[in-house]
Amino acid sequence: MDNIASAALAAAAGDDVAFGMLVRTYQGKVRSFLLRMTKGNQALADDLAQDTFLEAWRKIAQFRAEGTFQSWLYRIAWTRFLMEVRKRKPDNAELDDDLAAPDTQASTLARLDLERAMQRLSSPERASLTLCYAMEFSHSEASEVLNMPVGTVKSHVSRGREKLKAILQA
Amino acid sequence: MSDALDTLLSSPLDEPADNGFSARVMATVVELRLHKARREAVLSLVVVALLVAIGLASPVGAEITHVAELLVATPAFWLGGLMLALSGVVYGRVRA
């Protein structure tokens, strides 16, 4: 069993030091995932990340090492993001474009273009592409995180990729 | 284009520096834990008080109190205290 799995099990047994280690390990990854999901809104991404970790702490006793801790944590992050979207727009639409204050730290123009193009995709497409490419999740792990069938994740990845190609070529 | 896009998509996301984020989360965790402990302490008191009240109000409780009073000639005040302590021990064991 790796360090993360043992720390997650210790945290599930009420060990706050182990939970603190998990927070420090995953804060950067969760915040960057949420930053992309919120289209670069740093403050909102950090609020959602904080909510994600607090909810993880509340539910950690329910964590069973059947899946990975990472997938379990990202699933909470994704759910918090969806709740925020629903709260802002009752019709279940995307986050407002005016929320998308571009605050990307992309180091190259290509990265900057990618972040801008990403903002034009739907949330599930953005999440599927981010998890399957940047975070190196398998389709099956991403489907677990996003609570979608594997086939749906694959079509989000493929459609999102085609859209990005078209946007970047335009 | 496809290869370039795949490479771009596969590059890891820029992770923001911690800048006290973890410390803020853990401070909130400590606050939540304290709040939870306080709420449980109040709840325990309420449960014990209810147990004592039920014990005293029920016919069996009154009988036991009466017999105990006769046997040891102890005032009801002290028996009430004893019941409170016993209920606390039982409740503590059940919770554990």
# chains A, B, ... in the order shown; residues from 1 in each chain; ligands from 1

$ select_by_dssp --residues "chain B" --states "helix (DSSP H, G or I)" --output "PyMOL selection string"
chain B and resi 2-10+21-57+59-72+76-95

$ interface_residues --of "chain A" --to "chain B" --cutoff "10 Å" --atoms "only C-alpha atoms" --output "ChimeraX atom specification"
/A:16-17,19-33,35-36,42,46,49-54,57-58,104-107,110-111,114-115,129-136,161-162,164-165,168-169

$ residues_around --residues "A:Arg80" --least-positions-apart "3" --cutoff "8 Å" --atoms "only C-alpha atoms" --output "NGL selection string"
:A and (48 or 51-52 or 76-77 or 83-84)

$ write_last_selection --atoms "all heavy atoms" --output "mmCIF file, in the first residue's frame"
data_model
loop_
_atom_site.group_PDB
_atom_site.id
_atom_site.type_symbol
_atom_site.label_atom_id
_atom_site.label_comp_id
_atom_site.auth_asym_id
_atom_site.auth_seq_id
_atom_site.Cartn_x
_atom_site.Cartn_y
_atom_site.Cartn_z
ATOM 1 N N LEU A 48 -13.749 26.893 -3.956
ATOM 2 C CA LEU A 48 -14.255 25.544 -4.239
ATOM 3 C C LEU A 48 -13.268 24.481 -3.751
ATOM 4 O O LEU A 48 -13.679 23.429 -3.251
ATOM 5 C CB LEU A 48 -14.509 25.363 -5.736
ATOM 6 C CG LEU A 48 -15.680 26.166 -6.323
ATOM 7 C CD1 LEU A 48 -15.758 25.971 -7.838
ATOM 8 C CD2 LEU A 48 -16.998 25.746 -5.690
ATOM 9 N N ASP A 51 -13.715 24.189 -0.039
ATOM 10 C CA ASP A 51 -14.938 23.410 0.219
ATOM 11 C C ASP A 51 -14.704 21.922 -0.047
ATOM 12 O O ASP A 51 -15.215 21.061 0.668
ATOM 13 C CB ASP A 51 -16.091 23.882 -0.691
ATOM 14 C CG ASP A 51 -16.596 25.252 -0.290
ATOM 15 O OD1 ASP A 51 -16.206 25.728 0.796
ATOM 16 O OD2 ASP A 51 -17.356 25.857 -1.070
ATOM 17 N N THR A 52 -13.955 21.649 -1.107
ATOM 18 C CA THR A 52 -13.661 20.260 -1.471
ATOM 19 C C THR A 52 -12.930 19.546 -0.332
ATOM 20 O O THR A 52 -13.317 18.447 0.089
ATOM 21 C CB THR A 52 -12.773 20.215 -2.740
ATOM 22 O OG1 THR A 52 -13.497 20.797 -3.812
ATOM 23 C CG2 THR A 52 -12.372 18.798 -3.102
ATOM 24 N N ILE A 76 -15.262 14.733 -5.499
ATOM 25 C CA ILE A 76 -15.840 15.759 -4.629
ATOM 26 C C ILE A 76 -15.658 17.133 -5.274
ATOM 27 O O ILE A 76 -16.578 17.946 -5.304
ATOM 28 C CB ILE A 76 -15.185 15.722 -3.227
ATOM 29 C CG1 ILE A 76 -15.495 14.391 -2.535
ATOM 30 C CG2 ILE A 76 -15.663 16.881 -2.362
ATOM 31 C CD1 ILE A 76 -14.817 14.213 -1.188
ATOM 32 N N ALA A 77 -14.462 17.379 -5.816
ATOM 33 C CA ALA A 77 -14.180 18.681 -6.446
ATOM 34 C C ALA A 77 -15.139 18.931 -7.616
ATOM 35 O O ALA A 77 -15.700 20.025 -7.762
ATOM 36 C CB ALA A 77 -12.735 18.728 -6.923
ATOM 37 N N MET A 83 -22.245 22.020 -8.308
ATOM 38 C CA MET A 83 -23.170 22.693 -7.388
ATOM 39 C C MET A 83 -23.057 24.207 -7.548
ATOM 40 O O MET A 83 -24.052 24.926 -7.511
ATOM 41 C CB MET A 83 -22.858 22.302 -5.937
ATOM 42 C CG MET A 83 -23.356 20.912 -5.582
ATOM 43 S SD MET A 83 -22.669 20.322 -4.030
ATOM 44 C CE MET A 83 -23.420 21.450 -2.885
ATOM 45 N N GLU A 84 -21.832 24.680 -7.744
ATOM 46 C CA GLU A 84 -21.616 26.124 -7.926
ATOM 47 C C GLU A 84 -22.272 26.604 -9.228
ATOM 48 O O GLU A 84 -22.908 27.657 -9.260
ATOM 49 C CB GLU A 84 -20.103 26.406 -7.943
ATOM 50 C CG GLU A 84 -19.727 27.861 -8.072
ATOM 51 C CD GLU A 84 -20.165 28.708 -6.886
ATOM 52 O OE1 GLU A 84 -20.343 28.159 -5.791
ATOM 53 O OE2 GLU A 84 -20.366 29.930 -7.081
#

$ residues_around --residues "A:Val153" --least-positions-apart "6" --cutoff "7 Å" --atoms "only C-alpha atoms" --output "PyMOL selection string"
chain A and resi 128+139+143

$ residues_around --residues "B:Tyr91" --least-positions-apart "6" --cutoff "10 Å" --atoms "only C-alpha atoms" --output "ChimeraX atom specification"
/B:44,47-48,51,85

$ write_last_selection --atoms "N, CA, C and O atoms" --output "mmCIF file, in the first residue's frame"
data_model
loop_
_atom_site.group_PDB
_atom_site.id
_atom_site.type_symbol
_atom_site.label_atom_id
_atom_site.label_comp_id
_atom_site.auth_asym_id
_atom_site.auth_seq_id
_atom_site.Cartn_x
_atom_site.Cartn_y
_atom_site.Cartn_z
ATOM 1 N N SER B 44 -24.864 15.097 24.938
ATOM 2 C CA SER B 44 -24.698 14.079 25.980
ATOM 3 C C SER B 44 -25.432 14.492 27.246
ATOM 4 O O SER B 44 -26.113 13.679 27.872
ATOM 5 N N VAL B 47 -29.136 14.045 26.804
ATOM 6 C CA VAL B 47 -29.526 12.622 26.832
ATOM 7 C C VAL B 47 -29.520 12.096 28.266
ATOM 8 O O VAL B 47 -30.458 11.415 28.696
ATOM 9 N N VAL B 48 -28.477 12.442 29.027
ATOM 10 C CA VAL B 48 -28.399 11.977 30.411
ATOM 11 C C VAL B 48 -29.566 12.536 31.218
ATOM 12 O O VAL B 48 -30.219 11.815 31.983
ATOM 13 N N LEU B 51 -32.645 10.629 30.411
ATOM 14 C CA LEU B 51 -32.625 9.294 31.029
ATOM 15 C C LEU B 51 -33.008 9.379 32.505
ATOM 16 O O LEU B 51 -33.799 8.568 32.991
ATOM 17 N N ALA B 85 -25.009 9.675 37.379
ATOM 18 C CA ALA B 85 -23.671 9.144 37.100
ATOM 19 C C ALA B 85 -23.766 7.810 36.365
ATOM 20 O O ALA B 85 -23.065 7.582 35.368
#

$ atom_distance --atom1 "atom CA of A:Arg116" --atom2 "atom CA of A:Lys39"
8.3 Å

$ decode --residues "stretch 130-141 of chain A" --atoms "all heavy atoms" --output "PDB file, in the first residue's frame"
ATOM      1  N   THR A 130      -9.138  17.494 -19.329  1.00  0.00           N
ATOM      2  CA  THR A 130      -8.145  17.797 -18.288  1.00  0.00           C
ATOM      3  C   THR A 130      -7.751  16.532 -17.539  1.00  0.00           C
ATOM      4  O   THR A 130      -6.571  16.272 -17.311  1.00  0.00           O
ATOM      5  CB  THR A 130      -8.709  18.841 -17.300  1.00  0.00           C
ATOM      6  OG1 THR A 130      -9.126  19.978 -18.051  1.00  0.00           O
ATOM      7  CG2 THR A 130      -7.671  19.269 -16.280  1.00  0.00           C
ATOM      8  N   LEU A 131      -8.762  15.742 -17.152  1.00  0.00           N
ATOM      9  CA  LEU A 131      -8.462  14.530 -16.387  1.00  0.00           C
ATOM     10  C   LEU A 131      -7.689  13.518 -17.240  1.00  0.00           C
ATOM     11  O   LEU A 131      -6.714  12.941 -16.784  1.00  0.00           O
ATOM     12  CB  LEU A 131      -9.757  13.893 -15.870  1.00  0.00           C
ATOM     13  CG  LEU A 131     -10.483  14.668 -14.763  1.00  0.00           C
ATOM     14  CD1 LEU A 131     -11.827  14.014 -14.455  1.00  0.00           C
ATOM     15  CD2 LEU A 131      -9.660  14.737 -13.485  1.00  0.00           C
ATOM     16  N   CYS A 132      -8.150  13.321 -18.484  1.00  0.00           N
ATOM     17  CA  CYS A 132      -7.546  12.264 -19.304  1.00  0.00           C
ATOM     18  C   CYS A 132      -6.182  12.656 -19.884  1.00  0.00           C
ATOM     19  O   CYS A 132      -5.354  11.783 -20.121  1.00  0.00           O
ATOM     20  CB  CYS A 132      -8.488  11.852 -20.430  1.00  0.00           C
ATOM     21  SG  CYS A 132      -9.965  11.070 -19.800  1.00  0.00           S
ATOM     22  N   TYR A 133      -5.959  13.940 -20.101  1.00  0.00           N
ATOM     23  CA  TYR A 133      -4.657  14.348 -20.657  1.00  0.00           C
ATOM     24  C   TYR A 133      -3.732  14.877 -19.564  1.00  0.00           C
ATOM     25  O   TYR A 133      -2.763  14.224 -19.194  1.00  0.00           O
ATOM     26  CB  TYR A 133      -4.848  15.403 -21.747  1.00  0.00           C
ATOM     27  CG  TYR A 133      -5.232  14.837 -23.089  1.00  0.00           C
ATOM     28  CD1 TYR A 133      -6.557  14.664 -23.441  1.00  0.00           C
ATOM     29  CD2 TYR A 133      -4.250  14.475 -24.026  1.00  0.00           C
ATOM     30  CE1 TYR A 133      -6.924  14.143 -24.677  1.00  0.00           C
ATOM     31  CE2 TYR A 133      -4.598  13.957 -25.263  1.00  0.00           C
ATOM     32  CZ  TYR A 133      -5.943  13.788 -25.589  1.00  0.00           C
ATOM     33  OH  TYR A 133      -6.283  13.274 -26.817  1.00  0.00           O
ATOM     34  N   ALA A 134      -4.068  16.039 -18.998  1.00  0.00           N
ATOM     35  CA  ALA A 134      -3.133  16.685 -18.072  1.00  0.00           C
ATOM     36  C   ALA A 134      -2.945  15.896 -16.777  1.00  0.00           C
ATOM     37  O   ALA A 134      -1.856  15.880 -16.212  1.00  0.00           O
ATOM     38  CB  ALA A 134      -3.611  18.106 -17.775  1.00  0.00           C
ATOM     39  N   MET A 135      -4.036  15.263 -16.303  1.00  0.00           N
ATOM     40  CA  MET A 135      -3.940  14.556 -15.021  1.00  0.00           C
ATOM     41  C   MET A 135      -3.640  13.066 -15.204  1.00  0.00           C
ATOM     42  O   MET A 135      -3.547  12.341 -14.219  1.00  0.00           O
ATOM     43  CB  MET A 135      -5.254  14.709 -14.244  1.00  0.00           C
ATOM     44  CG  MET A 135      -5.736  16.132 -14.081  1.00  0.00           C
ATOM     45  SD  MET A 135      -4.985  16.868 -12.639  1.00  0.00           S
ATOM     46  CE  MET A 135      -5.738  18.467 -12.589  1.00  0.00           C
ATOM     47  N   GLU A 136      -3.594  12.641 -16.466  1.00  0.00           N
ATOM     48  CA  GLU A 136      -3.245  11.249 -16.812  1.00  0.00           C
ATOM     49  C   GLU A 136      -4.165  10.202 -16.177  1.00  0.00           C
ATOM     50  O   GLU A 136      -3.714   9.133 -15.753  1.00  0.00           O
ATOM     51  CB  GLU A 136      -1.779  10.965 -16.437  1.00  0.00           C
ATOM     52  CG  GLU A 136      -0.819  11.808 -17.251  1.00  0.00           C
ATOM     53  CD  GLU A 136       0.635  11.566 -16.896  1.00  0.00           C
ATOM     54  OE1 GLU A 136       0.907  11.101 -15.782  1.00  0.00           O
ATOM     55  OE2 GLU A 136       1.482  11.862 -17.751  1.00  0.00           O
ATOM     56  N   PHE A 137      -5.448  10.515 -16.076  1.00  0.00           N
ATOM     57  CA  PHE A 137      -6.423   9.523 -15.612  1.00  0.00           C
ATOM     58  C   PHE A 137      -6.786   8.624 -16.800  1.00  0.00           C
ATOM     59  O   PHE A 137      -6.801   9.084 -17.942  1.00  0.00           O
ATOM     60  CB  PHE A 137      -7.707  10.214 -15.141  1.00  0.00           C
ATOM     61  CG  PHE A 137      -7.654  10.746 -13.733  1.00  0.00           C
ATOM     62  CD1 PHE A 137      -6.667  11.627 -13.324  1.00  0.00           C
ATOM     63  CD2 PHE A 137      -8.627  10.392 -12.805  1.00  0.00           C
ATOM     64  CE1 PHE A 137      -6.631  12.130 -12.036  1.00  0.00           C
ATOM     65  CE2 PHE A 137      -8.608  10.888 -11.519  1.00  0.00           C
ATOM     66  CZ  PHE A 137      -7.603  11.758 -11.128  1.00  0.00           C
ATOM     67  N   SER A 138      -7.113   7.371 -16.508  1.00  0.00           N
ATOM     68  CA  SER A 138      -7.644   6.518 -17.574  1.00  0.00           C
ATOM     69  C   SER A 138      -9.101   6.938 -17.812  1.00  0.00           C
ATOM     70  O   SER A 138      -9.692   7.626 -16.967  1.00  0.00           O
ATOM     71  CB  SER A 138      -7.588   5.050 -17.144  1.00  0.00           C
ATOM     72  OG  SER A 138      -8.472   4.846 -16.064  1.00  0.00           O
ATOM     73  N   HIS A 139      -9.674   6.501 -18.935  1.00  0.00           N
ATOM     74  CA  HIS A 139     -11.079   6.833 -19.195  1.00  0.00           C
ATOM     75  C   HIS A 139     -11.972   6.304 -18.076  1.00  0.00           C
ATOM     76  O   HIS A 139     -12.932   6.938 -17.667  1.00  0.00           O
ATOM     77  CB  HIS A 139     -11.528   6.250 -20.550  1.00  0.00           C
ATOM     78  CG  HIS A 139     -10.947   6.999 -21.712  1.00  0.00           C
ATOM     79  ND1 HIS A 139     -10.122   6.398 -22.639  1.00  0.00           N
ATOM     80  CD2 HIS A 139     -11.050   8.282 -22.092  1.00  0.00           C
ATOM     81  CE1 HIS A 139      -9.744   7.299 -23.541  1.00  0.00           C
ATOM     82  NE2 HIS A 139     -10.301   8.450 -23.231  1.00  0.00           N
ATOM     83  N   SER A 140     -11.607   5.130 -17.602  1.00  0.00           N
ATOM     84  CA  SER A 140     -12.412   4.501 -16.546  1.00  0.00           C
ATOM     85  C   SER A 140     -12.339   5.310 -15.237  1.00  0.00           C
ATOM     86  O   SER A 140     -13.348   5.525 -14.559  1.00  0.00           O
ATOM     87  CB  SER A 140     -11.914   3.072 -16.384  1.00  0.00           C
ATOM     88  OG  SER A 140     -12.147   2.617 -15.120  1.00  0.00           O
ATOM     89  N   GLU A 141     -11.123   5.784 -14.887  1.00  0.00           N
ATOM     90  CA  GLU A 141     -10.991   6.609 -13.669  1.00  0.00           C
ATOM     91  C   GLU A 141     -11.747   7.930 -13.826  1.00  0.00           C
ATOM     92  O   GLU A 141     -12.412   8.390 -12.899  1.00  0.00           O
ATOM     93  CB  GLU A 141      -9.509   6.899 -13.393  1.00  0.00           C
ATOM     94  CG  GLU A 141      -8.744   5.715 -12.850  1.00  0.00           C
ATOM     95  CD  GLU A 141      -7.236   5.967 -12.812  1.00  0.00           C
ATOM     96  OE1 GLU A 141      -6.711   6.624 -13.744  1.00  0.00           O
ATOM     97  OE2 GLU A 141      -6.597   5.512 -11.878  1.00  0.00           O
TER      98      GLU A 141
END
